[in-house]
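Undergrad: Next comes my_file-v6.cif, mmCIF, C-alpha atoms:
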```
data_run
#
loop_
_atom_site.label_atom_id
_atom_site.label_comp_id
_atom_site.auth_asym_id
_atom_site.auth_seq_id
_atom_site.Cartn_x
_atom_site.Cartn_y
_atom_site.Cartn_z
CA MET W 1 -19.86 27.13 -5.16
CA THR W 2 -23.23 25.46 -5.50
CA THR W 3 -24.67 23.15 -2.87
CA ALA W 4 -24.53 20.17 -5.24
CA ARG W 5 -20.85 20.77 -6.05
CA ARG W 6 -20.03 21.21 -2.36
CA GLY W 7 -21.80 17.96 -1.63
CA ARG W 8 -19.82 16.11 -4.32
CA LEU W 9 -16.54 17.50 -2.98
CA LEU W 10 -17.41 16.47 0.57
CA GLY W 11 -18.46 13.05 -0.66
CA ASN W 12 -15.21 12.56 -2.59
CA ALA W 13 -13.20 13.76 0.42
CA GLY W 14 -15.02 11.23 2.60
CA LEU W 15 -14.35 8.43 0.12
CA TYR W 16 -10.64 9.26 -0.14
CA THR W 17 -10.36 9.51 3.64
CA ALA W 18 -12.04 6.13 4.10
CA ALA W 19 -9.83 4.60 1.39
CA GLY W 20 -6.72 6.04 3.06
CA VAL W 21 -7.72 4.66 6.46
CA CYS W 22 -8.41 1.23 4.95
CA ALA W 23 -5.06 1.32 3.15
CA VAL W 24 -3.22 2.13 6.39
CA LEU W 25 -5.01 -0.65 8.25
CA PHE W 26 -4.22 -3.06 5.41
CA LEU W 27 -0.52 -2.15 5.44
CA ILE W 28 -0.03 -2.37 9.21
CA PRO W 29 0.57 -6.17 9.19
CA PHE W 30 3.16 -5.78 6.43
CA TYR W 31 4.93 -3.08 8.43
CA VAL W 32 5.00 -5.35 11.50
CA ILE W 33 6.43 -8.22 9.44
CA VAL W 34 9.21 -6.10 7.90
CA ARG W 35 9.99 -4.37 11.21
CA ASN W 36 10.29 -7.61 13.15
CA ALA W 37 12.19 -9.32 10.32
CA LEU W 38 14.97 -6.77 10.79
CA ALA W 39 14.97 -6.85 14.60
CA THR W 40 16.34 -9.10 17.33
CA ASP W 41 14.19 -11.44 19.40
CA PRO W 42 14.44 -9.22 22.55
CA GLU W 43 13.20 -6.22 20.56
CA ILE W 44 10.33 -8.25 19.13
CA THR W 45 9.15 -9.59 22.48
CA GLY W 46 10.13 -6.60 24.64
CA GLU W 47 7.56 -4.46 26.41
CA GLU W 48 8.81 -1.23 24.83
CA TRP W 49 7.78 -0.86 21.20
CA ARG W 50 9.99 1.02 18.76
CA PHE W 51 8.75 2.10 15.36
CA PHE W 52 12.02 0.82 13.89
CA PRO W 53 14.62 -1.47 15.48
CA SER W 54 17.45 0.34 17.25
CA THR W 55 19.85 -1.47 14.93
CA ILE W 56 18.61 -2.95 11.66
CA GLN W 57 19.68 -6.59 11.55
CA TRP W 58 20.48 -7.15 7.88
CA GLY W 59 22.30 -10.28 8.94
CA ASN W 60 18.91 -11.95 9.51
CA ILE W 61 18.67 -12.43 5.73
CA ALA W 62 21.94 -14.33 5.55
CA GLU W 63 21.02 -16.32 8.67
CA LEU W 64 17.76 -17.35 7.06
CA PHE W 65 19.36 -18.76 3.92
CA ASN W 66 22.40 -20.23 5.68
CA ASP W 67 20.48 -22.14 8.33
CA PRO W 68 21.71 -25.76 8.06
CA ASP W 69 18.56 -27.14 9.69
CA VAL W 70 16.06 -25.54 7.30
CA PRO W 71 16.74 -25.53 3.52
CA PHE W 72 14.80 -22.32 2.95
CA ALA W 73 16.25 -21.54 -0.49
CA ARG W 74 15.34 -25.01 -1.75
CA SER W 75 11.88 -24.66 -0.21
CA LEU W 76 11.39 -21.42 -2.13
CA GLY W 77 12.39 -23.19 -5.32
CA ASN W 78 10.02 -26.07 -4.62
CA SER W 79 7.14 -23.66 -4.00
CA ALA W 80 7.91 -21.80 -7.22
CA VAL W 81 7.99 -25.00 -9.29
CA ILE W 82 4.86 -26.36 -7.63
CA GLY W 83 3.02 -23.04 -7.96
CA VAL W 84 3.80 -22.68 -11.68
CA LEU W 85 3.10 -26.30 -12.64
CA HIS W 86 -0.04 -26.40 -10.48
CA THR W 87 -1.29 -23.20 -12.09
CA VAL W 88 -0.59 -24.32 -15.67
CA GLY W 89 -2.07 -27.77 -15.07
CA THR W 90 -5.19 -26.42 -13.40
CA LEU W 91 -5.79 -23.89 -16.17
CA LEU W 92 -5.47 -26.59 -18.83
CA VAL W 93 -7.60 -29.25 -17.14
CA CYS W 94 -10.33 -26.97 -15.79
CA SER W 95 -10.60 -24.80 -18.90
CA LEU W 96 -11.02 -27.89 -21.09
CA ALA W 97 -13.64 -29.30 -18.72
CA GLY W 98 -15.46 -25.98 -18.51
CA TYR W 99 -15.41 -25.52 -22.28
CA ALA W 100 -16.74 -29.03 -22.84
CA LEU W 101 -19.58 -28.47 -20.37
CA ALA W 102 -20.45 -25.13 -21.95
CA ARG W 103 -20.19 -25.98 -25.64
CA ILE W 104 -20.26 -29.69 -26.50
CA PRO W 105 -23.88 -30.90 -26.89
CA TYR W 106 -24.31 -33.93 -24.67
CA ARG W 107 -27.56 -35.01 -23.06
CA HIS W 108 -25.91 -35.69 -19.71
CA ALA W 109 -23.86 -32.48 -19.67
CA ASN W 110 -26.01 -30.87 -16.96
CA LYS W 111 -25.81 -33.98 -14.80
CA VAL W 112 -22.01 -33.97 -15.07
CA PHE W 113 -22.00 -30.27 -14.20
CA TYR W 114 -24.15 -30.89 -11.12
CA LEU W 115 -21.75 -33.65 -10.05
CA VAL W 116 -18.91 -31.15 -10.33
CA LEU W 117 -20.86 -28.75 -8.12
CA VAL W 118 -21.43 -31.52 -5.59
CA THR W 119 -17.66 -31.81 -5.14
CA LEU W 120 -17.71 -28.23 -3.81
CA MET W 121 -19.94 -29.34 -0.96
CA VAL W 122 -17.66 -32.15 0.20
CA PRO W 123 -15.33 -30.99 3.01
CA ALA W 124 -11.66 -31.34 2.19
CA ALA W 125 -11.14 -33.31 5.40
CA VAL W 126 -13.35 -36.11 4.01
CA THR W 127 -11.12 -36.71 0.98
CA PHE W 128 -7.79 -35.98 2.67
CA VAL W 129 -7.07 -39.48 4.00
CA PRO W 130 -8.19 -41.35 0.84
CA SER W 131 -6.06 -38.98 -1.25
CA PHE W 132 -3.05 -39.64 0.95
CA VAL W 133 -3.55 -43.41 0.77
CA LEU W 134 -3.76 -43.22 -3.03
CA VAL W 135 -0.67 -41.04 -3.33
CA SER W 136 1.23 -43.26 -0.92
CA SER W 137 0.29 -46.42 -2.84
CA LEU W 138 1.64 -44.82 -6.02
CA GLY W 139 4.94 -44.06 -4.31
CA TRP W 140 4.53 -40.31 -4.70
CA VAL W 141 5.28 -39.30 -1.11
CA SER W 142 8.01 -36.62 -0.95
CA THR W 143 7.83 -36.10 -4.72
CA LEU W 144 6.64 -33.21 -6.87
CA ARG W 145 4.09 -35.54 -8.48
CA GLY W 146 2.44 -36.15 -5.13
CA LEU W 147 2.41 -32.45 -4.36
CA ILE W 148 1.03 -31.29 -7.72
CA ILE W 149 -1.12 -33.89 -9.48
CA PRO W 150 -3.81 -34.51 -6.79
CA GLY W 151 -4.75 -30.83 -6.81
CA LEU W 152 -4.88 -30.21 -10.55
CA PHE W 153 -8.68 -30.41 -10.81
CA SER W 154 -10.74 -27.80 -9.00
CA GLY W 155 -14.52 -27.95 -9.13
CA PHE W 156 -14.79 -24.23 -8.42
CA THR W 157 -12.33 -23.30 -11.18
CA CYS W 158 -14.17 -25.59 -13.59
CA PHE W 159 -17.41 -23.83 -12.61
CA LEU W 160 -15.89 -20.40 -13.27
CA PHE W 161 -14.62 -21.45 -16.69
CA ARG W 162 -18.01 -22.88 -17.66
CA GLN W 163 -19.77 -19.68 -16.66
CA TYR W 164 -17.29 -17.61 -18.61
CA PHE W 165 -17.50 -19.75 -21.77
CA LEU W 166 -21.30 -19.57 -21.69
CA GLY W 167 -20.96 -15.85 -22.28
CA PHE W 168 -18.24 -16.15 -24.92
CA PRO W 169 -19.47 -15.06 -28.42
CA LYS W 170 -20.51 -18.17 -30.31
CA GLU W 171 -20.13 -16.35 -33.63
CA LEU W 172 -16.34 -16.53 -33.36
CA GLU W 173 -16.43 -20.29 -32.84
CA GLU W 174 -18.93 -20.82 -35.64
CA ALA W 175 -16.63 -18.95 -38.01
CA ALA W 176 -13.80 -21.22 -36.90
CA ARG W 177 -15.87 -24.33 -37.60
CA VAL W 178 -16.62 -23.03 -41.10
CA ASP W 179 -12.86 -23.02 -41.60
CA GLY W 180 -12.75 -26.67 -40.59
CA LEU W 181 -11.78 -26.46 -36.92
CA GLY W 182 -13.28 -28.87 -34.41
CA TYR W 183 -14.13 -28.17 -30.78
CA PHE W 184 -10.53 -28.40 -29.61
CA GLY W 185 -9.27 -26.32 -32.54
CA ALA W 186 -11.82 -23.60 -31.81
CA TYR W 187 -10.92 -23.72 -28.12
CA TRP W 188 -7.16 -23.53 -28.68
CA ARG W 189 -6.99 -21.11 -31.61
CA ILE W 190 -10.01 -18.87 -31.00
CA VAL W 191 -11.27 -19.04 -27.42
CA VAL W 192 -7.98 -19.07 -25.51
CA PRO W 193 -6.32 -16.15 -27.36
CA ASN W 194 -9.45 -14.05 -26.81
CA SER W 195 -9.77 -14.97 -23.12
CA LEU W 196 -6.30 -14.14 -21.82
CA ASN W 197 -7.62 -11.65 -19.25
CA PHE W 198 -9.80 -14.29 -17.67
CA PHE W 199 -7.07 -16.92 -17.81
CA ALA W 200 -4.66 -14.47 -16.13
CA ALA W 201 -7.17 -13.79 -13.36
CA ILE W 202 -7.66 -17.49 -12.65
CA ALA W 203 -3.89 -18.00 -12.83
CA VAL W 204 -3.34 -15.40 -10.10
CA ILE W 205 -5.92 -16.98 -7.81
CA THR W 206 -4.59 -20.49 -8.45
CA PHE W 207 -0.95 -19.52 -7.95
CA ILE W 208 -1.67 -17.78 -4.66
CA SER W 209 -3.67 -20.79 -3.46
CA GLY W 210 -0.91 -23.23 -4.42
CA TRP W 211 1.82 -21.07 -2.87
CA ASN W 212 -0.05 -20.75 0.44
CA ALA W 213 -0.98 -24.45 0.71
CA PHE W 214 0.28 -25.94 3.96
CA LEU W 215 -1.49 -29.10 5.17
CA TRP W 216 -1.08 -31.24 2.04
CA PRO W 217 2.61 -30.30 1.50
CA LEU W 218 3.21 -30.92 5.21
CA VAL W 219 1.90 -34.48 4.96
CA ILE W 220 3.30 -35.36 1.53
CA GLY W 221 6.62 -33.56 1.73
CA GLN W 222 8.08 -35.70 4.49
CA ASP W 223 11.71 -35.23 3.38
CA GLN W 224 13.38 -31.83 3.65
CA GLU W 225 14.17 -31.99 -0.06
CA ALA W 226 10.43 -31.81 -0.78
CA TRP W 227 9.54 -29.04 1.70
CA THR W 228 7.63 -26.02 0.45
CA VAL W 229 8.15 -22.53 1.79
CA GLN W 230 5.15 -22.78 4.13
CA VAL W 231 6.43 -26.01 5.68
CA ALA W 232 9.91 -24.52 6.06
CA LEU W 233 8.43 -21.45 7.73
CA SER W 234 6.55 -23.57 10.29
CA SER W 235 9.77 -25.35 11.29
CA TYR W 236 11.03 -22.21 13.05
CA MET W 237 8.41 -22.71 15.74
CA THR W 238 8.83 -25.86 17.83
CA ASN W 239 7.79 -27.04 21.29
CA GLN W 240 11.14 -25.96 22.68
CA THR W 241 12.05 -22.75 20.88
CA VAL W 242 10.58 -20.02 18.71
CA ASN W 243 12.93 -18.08 16.42
CA PHE W 244 10.86 -14.93 16.09
CA HIS W 245 13.24 -13.00 13.86
CA LEU W 246 13.60 -15.93 11.45
CA ILE W 247 9.86 -16.49 11.39
CA PHE W 248 9.23 -12.87 10.40
CA MET W 249 12.11 -12.80 7.93
CA ALA W 250 10.90 -16.03 6.30
CA THR W 251 7.38 -14.60 6.19
CA ALA W 252 8.60 -11.40 4.53
CA VAL W 253 10.55 -13.35 1.91
CA SER W 254 7.71 -15.81 1.27
CA ILE W 255 5.06 -13.14 0.66
CA LEU W 256 7.24 -11.09 -1.70
CA PRO W 257 6.47 -13.26 -4.80
CA LEU W 258 2.74 -13.04 -4.04
CA VAL W 259 2.89 -9.27 -3.67
CA LEU W 260 4.72 -8.95 -7.01
CA VAL W 261 2.25 -11.27 -8.76
CA PHE W 262 -0.72 -9.36 -7.36
CA VAL W 263 0.72 -5.91 -8.15
CA PHE W 264 1.48 -6.74 -11.78
CA LEU W 265 -1.66 -8.80 -12.48
CA GLN W 266 -4.31 -7.15 -10.30
CA ARG W 267 -5.95 -5.49 -13.33
CA TRP W 268 -6.55 -8.87 -14.97
CA LEU W 269 -7.71 -10.30 -11.66
CA VAL W 270 -10.51 -7.75 -11.34
CA GLN W 271 -11.48 -7.93 -15.00
CA GLY W 272 -11.46 -11.70 -15.12
CA VAL W 273 -13.66 -12.19 -12.07
CA ALA W 274 -16.08 -9.59 -13.44
CA GLN W 275 -16.31 -11.55 -16.69
CA THR W 276 -17.54 -14.81 -15.15
CA GLY W 277 -21.07 -13.68 -15.90
CA ILE W 278 -22.67 -16.25 -13.54
CA LYS W 279 -25.27 -17.64 -15.92
CA GLY W 280 -27.34 -20.75 -15.64
#
```
Can I see the file as structure tokens?
TA:
Amino acid sequence: MTTARRGRLLGNAGLYTAAGVCAVLFLIPFYVIVRNALATDPEITGEEWRFFPSTIQWGNIAELFNDPDVPFARSLGNSAVIGVLHTVGTLLVCSLAGYALARIPYRHANKVFYLVLVTLMVPAAVTFVPSFVLVSSLGWVSTLRGLIIPGLFSGFTCFLFRQYFLGFPKELEEAARVDGLGYFGAYWRIVVPNSLNFFAAIAVITFISGWNAFLWPLVIGQDQEAWTVQVALSSYMTNQTVNFHLIFMATAVSILPLVLVFVFLQRWLVQGVAQTGIKG
């Protein structure tokens, strides 16, 4: 075996070892969540740690969904509806805005783009109270409209779409215009079908962000009927009591949709982010 080949083998072994260690460290929190979700409170808080609970408490699942004080099943449904509608709405609004900024000739297009970038520099805390006052004045408190519509536009997502469309082949759109299509026709019939990887990547990021949102749903969803899964999860920890096994079980259930989305769409996530092309 030559020295160069031995060096490559050692290098590959080192990379695989490092990747394995990182994978184990990444999976440890998930193991702790699942382990504690199937344990009793004394086993979770006890001084002696067991790799698995002495008796697996499958009844924690039924207790979670049958709790009369926390409508967890409905909260899951609300989060699913909000996540899907928020994702679809954001993709539509931001992709149209990004396409317009990248393709439609307008002398103030750069100024509009810079204004969009400025919104990224404004802390969310600055706009939180005005947004709540506006939503409240419209009567959207504890409604899906109040939970979804205020977050449909994202300056960062608009920026990503613009950068991607700047690198999209103009020849395809020019051929579409020869066939009589306008800007919207070229966008809908040519650009979108040929950009599904990028759209899927942005959809994953947007869905995860919407599913994990907590502060805005906490303030707007004042009735239990409008709770999201994150708000329902927080209700298991109060000033008086902490239901550890329900917290971990609710956490395990709430992250399962995100894990499935990431596992099935991770290829598009990596490809789509790589295709932004960050151009000026």
Undergrad: Quick one: everything within 10 Å of Gln57 in chain W, counting only C-alpha atoms, minus sequence neighbours fewer than 6 positions away in the same chain. Send it as a list in words.
TA: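 Returned residues: Arg35, Asn36, Ala37, Leu38, Ala39, Thr40 and His245 of chain W.
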Undergrad: Quick one: residues within 8 Å of range 85-89 of chain W, all atoms listed in the file counted, chain neighbours fewer than 3 positions away excluded, as a PyMOL selection string?
TA: chain W and resi 81-82+92-93+148-149+151-152+203+206-207+210
Undergrad: Given the file shown, enumerate the residues that the PyMOL selection byres ((chain W and resi 228) around 7) captures and present them as an mmCIF file with C-alpha atoms, keeping the file's coordinate frame.
TA:
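The result, stored in result-v1.cif:
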```cif
data_model
loop_
_atom_site.group_PDB
_atom_site.id
_atom_site.type_symbol
_atom_site.label_atom_id
_atom_site.label_comp_id
_atom_site.auth_asym_id
_atom_site.auth_seq_id
_atom_site.Cartn_x
_atom_site.Cartn_y
_atom_site.Cartn_z
ATOM 1 C CA SER W 75 11.880 -24.660 -0.210
ATOM 2 C CA LEU W 76 11.390 -21.420 -2.130
ATOM 3 C CA ASN W 78 10.020 -26.070 -4.620
ATOM 4 C CA SER W 79 7.140 -23.660 -4.000
ATOM 5 C CA PRO W 217 2.610 -30.300 1.500
ATOM 6 C CA ALA W 226 10.430 -31.810 -0.780
ATOM 7 C CA TRP W 227 9.540 -29.040 1.700
ATOM 8 C CA VAL W 229 8.150 -22.530 1.790
ATOM 9 C CA GLN W 230 5.150 -22.780 4.130
ATOM 10 C CA VAL W 231 6.430 -26.010 5.680
ATOM 11 C CA ALA W 232 9.910 -24.520 6.060
#
```
Undergrad: Which neighbours of Val191 in chain W fall inside 12 Å, counting all atoms listed in the file, when residues of the same chain fewer than 5 positions from it are skipped, and could you give them as an mmCIF file with C-alpha atoms, in the coordinates of the input?
TA:
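Listed below is the output, part_4.cif:
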```cif
data_model
loop_
_atom_site.group_PDB
_atom_site.id
_atom_site.type_symbol
_atom_site.label_atom_id
_atom_site.label_comp_id
_atom_site.auth_asym_id
_atom_site.auth_seq_id
_atom_site.Cartn_x
_atom_site.Cartn_y
_atom_site.Cartn_z
ATOM 1 C CA SER W 95 -10.600 -24.800 -18.900
ATOM 2 C CA LEU W 96 -11.020 -27.890 -21.090
ATOM 3 C CA TYR W 99 -15.410 -25.520 -22.280
ATOM 4 C CA ARG W 103 -20.190 -25.980 -25.640
ATOM 5 C CA PHE W 161 -14.620 -21.450 -16.690
ATOM 6 C CA TYR W 164 -17.290 -17.610 -18.610
ATOM 7 C CA PHE W 165 -17.500 -19.750 -21.770
ATOM 8 C CA LEU W 166 -21.300 -19.570 -21.690
ATOM 9 C CA GLY W 167 -20.960 -15.850 -22.280
ATOM 10 C CA PHE W 168 -18.240 -16.150 -24.920
ATOM 11 C CA PRO W 169 -19.470 -15.060 -28.420
ATOM 12 C CA LYS W 170 -20.510 -18.170 -30.310
ATOM 13 C CA GLU W 171 -20.130 -16.350 -33.630
ATOM 14 C CA LEU W 172 -16.340 -16.530 -33.360
ATOM 15 C CA GLU W 173 -16.430 -20.290 -32.840
ATOM 16 C CA GLU W 174 -18.930 -20.820 -35.640
ATOM 17 C CA ALA W 175 -16.630 -18.950 -38.010
ATOM 18 C CA ALA W 176 -13.800 -21.220 -36.900
ATOM 19 C CA TYR W 183 -14.130 -28.170 -30.780
ATOM 20 C CA PHE W 184 -10.530 -28.400 -29.610
ATOM 21 C CA GLY W 185 -9.270 -26.320 -32.540
ATOM 22 C CA ALA W 186 -11.820 -23.600 -31.810
ATOM 23 C CA LEU W 196 -6.300 -14.140 -21.820
ATOM 24 C CA ASN W 197 -7.620 -11.650 -19.250
ATOM 25 C CA PHE W 198 -9.800 -14.290 -17.670
ATOM 26 C CA PHE W 199 -7.070 -16.920 -17.810
#
```
Undergrad: Hey, what comes out of the PyMOL selection byres ((chain W and resi 261) around 12) on this file? Could you write it as a JSON list (two decimals) with C-alpha atoms, in the coordinates of the input?
TA:
```json
[["chain", "number", "residue", "atom", "x", "y", "z"],
["W", 83, "GLY", "CA", 3.02, -23.04, -7.96],
["W", 84, "VAL", "CA", 3.80, -22.68, -11.68],
["W", 200, "ALA", "CA", -4.66, -14.47, -16.13],
["W", 201, "ALA", "CA", -7.17, -13.79, -13.36],
["W", 203, "ALA", "CA", -3.89, -18.00, -12.83],
["W", 204, "VAL", "CA", -3.34, -15.40, -10.10],
["W", 205, "ILE", "CA", -5.92, -16.98, -7.81],
["W", 206, "THR", "CA", -4.59, -20.49, -8.45],
["W", 207, "PHE", "CA", -0.95, -19.52, -7.95],
["W", 208, "ILE", "CA", -1.67, -17.78, -4.66],
["W", 211, "TRP", "CA", 1.82, -21.07, -2.87],
["W", 255, "ILE", "CA", 5.06, -13.14, 0.66],
["W", 256, "LEU", "CA", 7.24, -11.09, -1.70],
["W", 257, "PRO", "CA", 6.47, -13.26, -4.80],
["W", 258, "LEU", "CA", 2.74, -13.04, -4.04],
["W", 259, "VAL", "CA", 2.89, -9.27, -3.67],
["W", 260, "LEU", "CA", 4.72, -8.95, -7.01],
["W", 262, "PHE", "CA", -0.72, -9.36, -7.36],
["W", 263, "VAL", "CA", 0.72, -5.91, -8.15],
["W", 264, "PHE", "CA", 1.48, -6.74, -11.78],
["W", 265, "LEU", "CA", -1.66, -8.80, -12.48],
["W", 266, "GLN", "CA", -4.31, -7.15, -10.30],
["W", 267, "ARG", "CA", -5.95, -5.49, -13.33],
["W", 268, "TRP", "CA", -6.55, -8.87, -14.97],
["W", 269, "LEU", "CA", -7.71, -10.30, -11.66]]
```
Undergrad: What does the distance between CA of Gly59 in chain W and CA of Ser254 in chain W come to in Å, to one decimal place?
TA: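 Distance reported for this atom pair: 17.4 Å.
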Undergrad: Apply the PyMOL selection byres ((chain W and resi 113-117) around 9) to the file shown and report the selected residues as a CSV table (one decimal) with C-alpha atoms, in the coordinates of the input.
TA:
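part39.csv was written with the following content:
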```csv
chain,number,residue,atom,x,y,z
W,98,GLY,CA,-15.5,-26.0,-18.5
W,101,LEU,CA,-19.6,-28.5,-20.4
W,108,HIS,CA,-25.9,-35.7,-19.7
W,109,ALA,CA,-23.9,-32.5,-19.7
W,110,ASN,CA,-26.0,-30.9,-17.0
W,111,LYS,CA,-25.8,-34.0,-14.8
W,112,VAL,CA,-22.0,-34.0,-15.1
W,118,VAL,CA,-21.4,-31.5,-5.6
W,119,THR,CA,-17.7,-31.8,-5.1
W,120,LEU,CA,-17.7,-28.2,-3.8
W,121,MET,CA,-19.9,-29.3,-1.0
W,154,SER,CA,-10.7,-27.8,-9.0
W,155,GLY,CA,-14.5,-28.0,-9.1
W,156,PHE,CA,-14.8,-24.2,-8.4
W,158,CYS,CA,-14.2,-25.6,-13.6
W,159,PHE,CA,-17.4,-23.8,-12.6
```
Undergrad: For Asp41 in chain W, which residue out of W:Asn60, W:Leu218, W:Leu147, W:Thr251 is the nearest one, using only C-alpha atoms?
TA: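 Of the candidates, the smallest distance to Asp41 in chain W is held by W:Asn60.
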Undergrad: Output, as AutoDock Vina command-line options, the centre and edge lengths in Å (one decimal) of the axis-aligned box that contains all listed atoms of range 240-247 of chain W with 5 Å of margin on each side.
TA:
```
--center_x 11.7 --center_y -19.5 --center_z 17.0 --size_x 13.7 --size_y 23.0 --size_z 21.3
```
Undergrad: Hey, can you check how far CA of Phe30 in chain W sits from CA of Ala250 in chain W?
TA: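 About the pair CA of Phe30 in chain W and CA of Ala250 in chain W: they are 12.8 Å apart.
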Undergrad: Report, in Å to a single decimal, how far apart CA of Leu144 in chain W and CA of Ala62 in chain W are.
TA: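 Between these atoms lies a distance of 27.3 Å.
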Undergrad: Let me make sure I understand: among W:Ala23, W:Ala125, W:Leu91, W:Ile61, which one has the smallest atom-to-atom distance to Ser195 in chain W if we use all atoms listed in the file?
TA: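 The answer is W:Leu91, which sits nearest to Ser195 in chain W.
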Undergrad: Of the candidates W:Leu27, W:Ser137, W:Val34, W:Ile220, which one gets nearest to Phe52 in chain W if we count only C-alpha atoms?
TA: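 When distances to Phe52 in chain W are compared using only C-alpha atoms, the smallest one comes from W:Val34.
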Undergrad: Compare W:Ile104, W:Ile202, W:Ala252, W:Cys22 by their minimum atom-to-atom distance to Thr157 in chain W, counting only C-alpha atoms, and give me the closest one.
TA: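 Going through W:Ile104, W:Ile202, W:Ala252, W:Cys22 one by one, the smallest distance to Thr157 in chain W is for W:Ile202.
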Undergrad: When distances are computed from all atoms listed in the file, which of W:Phe153, W:Val141, W:Thr238, W:Ile247 shows the smallest separation from Gly221 in chain W?
TA: W:Val141
Undergrad: Between W:Met237, W:Gly180, W:Leu10, W:Ala97, which one has atoms that come closest to Leu160 in chain W, using only C-alpha atoms?
TA: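 Looking only at the distances to Leu160 in chain W, the closest residue turns out to be W:Ala97.
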